[in-house]
>>> print(open('protein38.txt').read())   # compact mmCIF, C-alpha atoms
# COMPACT_ATOMS: atom_id res chain seq x y z
CA MET A 1 90.68 108.25 102.96
CA LYS A 2 90.94 104.47 102.72
CA LYS A 3 92.71 102.56 105.46
CA ASN A 4 95.83 100.60 104.50
CA LEU A 5 95.73 96.95 105.31
CA TYR A 6 98.37 94.27 105.21
CA LEU A 7 97.11 90.88 104.01
CA GLU A 8 98.96 88.13 105.83
CA THR A 9 99.39 84.81 103.99
CA SER A 10 96.63 82.94 105.84
CA VAL A 11 93.95 85.25 104.38
CA ILE A 12 95.02 84.49 100.83
CA GLY A 13 95.26 80.79 101.69
CA ALA A 14 91.74 80.80 103.12
CA TYR A 15 90.33 81.96 99.78
CA LEU A 16 90.76 78.46 98.36
CA ASP A 17 90.61 76.40 101.57
CA ASN A 18 88.00 73.69 101.01
CA ASP A 19 88.85 72.15 104.40
CA GLU A 20 87.43 75.23 106.17
CA PRO A 21 84.29 76.16 104.17
CA PHE A 22 83.02 78.80 106.63
CA ARG A 23 86.36 80.60 106.67
CA ARG A 24 86.72 80.21 102.89
CA ASP A 25 83.24 81.57 102.15
CA LEU A 26 83.63 84.47 104.55
CA THR A 27 87.03 85.33 103.06
CA ILE A 28 85.67 85.21 99.50
CA ARG A 29 82.69 87.39 100.43
CA TRP A 30 84.93 89.92 102.16
CA TRP A 31 87.51 89.87 99.33
CA GLU A 32 84.89 90.33 96.61
CA HIS A 33 82.69 92.91 98.38
CA GLU A 34 84.69 94.72 101.05
CA LEU A 35 88.36 94.72 100.08
CA ARG A 36 87.79 97.59 97.64
CA ASP A 37 87.03 99.84 100.65
CA TYR A 38 90.68 99.54 101.71
CA THR A 39 94.13 99.93 100.20
CA PRO A 40 95.54 96.41 100.47
CA TYR A 41 99.21 95.43 100.59
CA VAL A 42 101.07 92.16 100.77
CA SER A 43 104.80 91.71 101.26
CA SER A 44 107.62 89.90 99.58
CA LEU A 45 107.36 87.47 102.53
CA VAL A 46 103.74 86.69 101.62
CA VAL A 47 104.78 86.08 98.01
CA ARG A 48 107.62 83.77 99.12
CA GLU A 49 105.29 81.79 101.37
CA LEU A 50 102.73 81.40 98.57
CA GLU A 51 105.43 80.38 96.09
CA ARG A 52 106.20 77.40 98.35
CA THR A 53 102.70 75.95 97.93
CA ALA A 54 102.00 73.25 95.36
CA GLU A 55 100.29 73.77 92.04
CA PRO A 56 97.56 74.45 91.06
CA ARG A 57 96.98 76.51 94.20
CA ARG A 58 100.30 78.36 93.88
CA SER A 59 99.25 79.97 90.59
CA ALA A 60 95.76 80.73 91.90
CA TYR A 61 97.13 82.39 95.06
CA LEU A 62 99.67 84.44 93.14
CA ASN A 63 96.98 85.46 90.67
CA LEU A 64 94.81 86.74 93.54
CA ILE A 65 97.54 89.15 94.64
CA ARG A 66 99.10 90.00 91.27
CA ASP A 67 97.88 93.62 91.38
CA VAL A 68 98.33 94.15 95.12
CA PRO A 69 101.31 96.39 95.96
CA GLN A 70 104.08 94.87 98.08
CA TYR A 71 105.89 96.03 101.15
CA GLU A 72 109.52 94.96 101.14
CA ILE A 73 111.22 93.37 104.12
CA SER A 74 113.27 96.28 105.38
CA GLU A 75 116.18 96.05 107.78
CA GLU A 76 114.06 97.95 110.29
CA ALA A 77 111.30 95.32 110.05
CA ALA A 78 113.84 92.50 110.46
CA ILE A 79 115.27 94.14 113.58
CA LEU A 80 111.80 94.72 115.03
CA ALA A 81 110.87 91.06 114.38
CA GLU A 82 114.04 89.97 116.17
CA GLY A 83 112.98 92.21 119.06
CA TYR A 84 109.65 90.41 119.28
CA VAL A 85 111.49 87.08 119.42
CA SER A 86 114.04 88.24 122.00
CA ARG A 87 111.22 89.52 124.22
CA GLY A 88 109.38 86.18 124.02
CA ILE A 89 106.40 87.47 122.05
CA PHE A 90 107.08 85.01 119.23
CA HIS A 91 109.05 81.78 119.36
CA ARG A 92 112.05 81.72 117.02
CA LYS A 93 110.45 79.01 114.87
CA TYR A 94 107.63 81.49 114.12
CA ILE A 95 109.95 84.28 113.02
CA ALA A 96 107.91 84.65 109.81
CA ASP A 97 104.85 85.56 111.91
CA ALA A 98 106.90 88.08 113.85
CA LEU A 99 108.10 89.47 110.54
CA HIS A 100 104.53 89.87 109.26
CA VAL A 101 103.68 91.97 112.31
CA ALA A 102 106.90 93.97 112.00
CA ILE A 103 106.33 94.65 108.29
CA ALA A 104 102.82 95.93 109.03
CA SER A 105 104.18 98.06 111.90
CA VAL A 106 107.11 99.60 110.03
CA ASN A 107 104.91 100.40 107.02
CA LYS A 108 102.18 101.86 109.24
CA ALA A 109 99.45 99.59 107.96
CA ASP A 110 96.26 100.51 109.78
CA LEU A 111 95.19 96.86 109.85
CA LEU A 112 96.96 93.53 109.71
CA VAL A 113 94.40 91.02 108.41
CA THR A 114 95.04 87.38 109.33
CA TRP A 115 93.33 84.10 110.10
CA ASP A 116 96.30 82.99 112.22
CA PHE A 117 94.78 82.99 115.70
CA GLY A 118 97.53 80.87 117.20
CA HIS A 119 100.53 83.02 116.36
CA ILE A 120 99.38 86.47 115.29
CA ALA A 121 95.79 87.33 116.26
CA SER A 122 95.96 86.27 119.89
CA PHE A 123 95.13 88.87 122.53
CA TYR A 124 98.32 88.01 124.43
CA ARG A 125 100.57 88.70 121.45
CA GLN A 126 98.67 91.79 120.38
CA SER A 127 99.00 93.39 123.80
CA ARG A 128 102.73 92.57 123.96
CA VAL A 129 103.29 93.89 120.41
CA GLN A 130 101.42 97.07 121.36
CA LEU A 131 103.70 97.58 124.35
CA VAL A 132 106.95 96.92 122.45
CA ASN A 133 105.91 99.06 119.50
CA THR A 134 104.73 101.96 121.66
CA VAL A 135 107.90 101.98 123.77
CA GLY A 136 110.04 101.67 120.63
CA GLY A 137 108.19 104.43 118.78
CA PHE A 138 106.68 102.11 116.16
CA PHE A 139 103.19 102.24 114.75
CA VAL A 140 100.74 99.70 116.21
CA PRO A 141 98.53 98.09 113.56
CA MET A 142 95.17 96.69 114.61
CA ILE A 143 95.24 92.92 114.08
CA VAL A 144 91.92 91.54 112.84
CA THR A 145 90.35 88.72 110.86
CA PRO A 146 88.30 89.37 107.71
CA GLU A 147 85.22 88.60 109.81
CA PHE A 148 85.73 91.87 111.71
CA LEU A 149 85.77 93.83 108.46
CA ILE A 150 82.42 92.65 107.09
CA SER A 151 79.99 95.58 106.87
CA ALA A 152 76.64 95.54 108.61
CA GLU A 153 74.81 95.30 105.26
CA PHE A 154 75.79 91.65 104.86
>>> encode(input="protein38.txt", output="structure tokens")
Amino acid sequence: MKKNLYLETSVIGAYLDNDEPFRRDLTIRWWEHELRDYTPYVSSLVVRELERTAEPRRSAYLNLIRDVPQYEISEEAAILAEGYVSRGIFHRKYIADALHVAIASVNKADLLVTWDFGHIASFYRQSRVQLVNTVGGFFVPMIVTPEFLISAEF
């Protein structure tokens, strides 16, 4: 059975990021060759964040995810994200990042895929999220970058 993964906005953004060619190329390679081994999801939050980008990238980003199913932002996810903020895991100004983690948790995504090392993929945050989710009875997604999902054949 394929693992479910939640694609956070930074992964989609990296696909066209000419300022970071290594990250862009790795993301494209993973997207084109490895993504089919998983069941990917985005969320309505990802769509909203991409809709705020300027053209022509906006259309290209939205085209990339047009066939990817979406998780909705449930009340449960919103409450969990607020819990992360109130416990100091995420600063209030990064509530969207907390919400990405909460959406992946509530929907039991096996993996949350992100390039956001500063606010999502840090060891400190991951360990705190694991503690809060475990105590609260929530699923704990593994938070990784696309780099960790490249098969050994590459």
>>> residues_around(input="protein38.txt", residues="stretch 142-152 of chain A", least_positions_apart="6", cutoff="6 Å", atoms="all atoms listed in the file", output="ChimeraX atom specification")
/A:111-115
>>> residues_around(input="protein38.txt", residues="stretch 2-14 of chain A", least_positions_apart="4", cutoff="8 Å", atoms="all atoms listed in the file", output="PDB file with C-alpha atoms, in the frame of the given file")
ATOM      1  CA  GLU A  20      87.430  75.230 106.170  1.00  0.00           C
ATOM      2  CA  ARG A  23      86.360  80.600 106.670  1.00  0.00           C
ATOM      3  CA  ARG A  24      86.720  80.210 102.890  1.00  0.00           C
ATOM      4  CA  THR A  27      87.030  85.330 103.060  1.00  0.00           C
ATOM      5  CA  ASP A  37      87.030  99.840 100.650  1.00  0.00           C
ATOM      6  CA  TYR A  38      90.680  99.540 101.710  1.00  0.00           C
ATOM      7  CA  THR A  39      94.130  99.930 100.200  1.00  0.00           C
ATOM      8  CA  PRO A  40      95.540  96.410 100.470  1.00  0.00           C
ATOM      9  CA  TYR A  41      99.210  95.430 100.590  1.00  0.00           C
ATOM     10  CA  VAL A  42     101.070  92.160 100.770  1.00  0.00           C
ATOM     11  CA  SER A  43     104.800  91.710 101.260  1.00  0.00           C
ATOM     12  CA  VAL A  46     103.740  86.690 101.620  1.00  0.00           C
ATOM     13  CA  GLU A  49     105.290  81.790 101.370  1.00  0.00           C
ATOM     14  CA  LEU A  50     102.730  81.400  98.570  1.00  0.00           C
ATOM     15  CA  TYR A  61      97.130  82.390  95.060  1.00  0.00           C
ATOM     16  CA  LEU A  64      94.810  86.740  93.540  1.00  0.00           C
ATOM     17  CA  HIS A 100     104.530  89.870 109.260  1.00  0.00           C
ATOM     18  CA  ALA A 104     102.820  95.930 109.030  1.00  0.00           C
ATOM     19  CA  ALA A 109      99.450  99.590 107.960  1.00  0.00           C
ATOM     20  CA  ASP A 110      96.260 100.510 109.780  1.00  0.00           C
ATOM     21  CA  LEU A 111      95.190  96.860 109.850  1.00  0.00           C
ATOM     22  CA  LEU A 112      96.960  93.530 109.710  1.00  0.00           C
ATOM     23  CA  VAL A 113      94.400  91.020 108.410  1.00  0.00           C
ATOM     24  CA  THR A 114      95.040  87.380 109.330  1.00  0.00           C
ATOM     25  CA  TRP A 115      93.330  84.100 110.100  1.00  0.00           C
ATOM     26  CA  ASP A 116      96.300  82.990 112.220  1.00  0.00           C
ATOM     27  CA  PRO A 146      88.300  89.370 107.710  1.00  0.00           C
TER      28      PRO A 146
END
>>> atom_distance(input="protein38.txt", atom1="atom CA of A:Arg87", atom2="atom CA of A:Ser74")
20.1 Å
>>> closest_residue(input="protein38.txt", among="A:Phe139, A:Thr134, A:Leu45, A:Glu76", to="A:Ala96", atoms="all atoms listed in the file")
A:Leu45
>>> closest_residue(input="protein38.txt", among="A:Ala98, A:Arg125, A:Ile65, A:Arg58", to="A:Ala78", atoms="all atoms listed in the file")
A:Ala98
>>> closest_residue(input="protein38.txt", among="A:Pro21, A:Pro141, A:Gly83, A:Pro56", to="A:Leu99", atoms="all atoms listed in the file")
A:Gly83
>>> closest_residue(input="protein38.txt", among="A:His119, A:Arg48, A:Lys108, A:Arg36", to="A:Lys93", atoms="all atoms listed in the file")
A:His119
>>> atom_distance(input="protein38.txt", atom1="atom CA of A:Val135", atom2="atom CA of A:Arg92")
21.8 Å
>>> closest_residue(input="protein38.txt", among="A:Phe90, A:Val47, A:Leu62, A:Tyr84", to="A:Leu131", atoms="only C-alpha atoms")
A:Tyr84
>>> atom_distance(input="protein38.txt", atom1="atom CA of A:Asn133", atom2="atom CA of A:Leu80")
8.6 Å
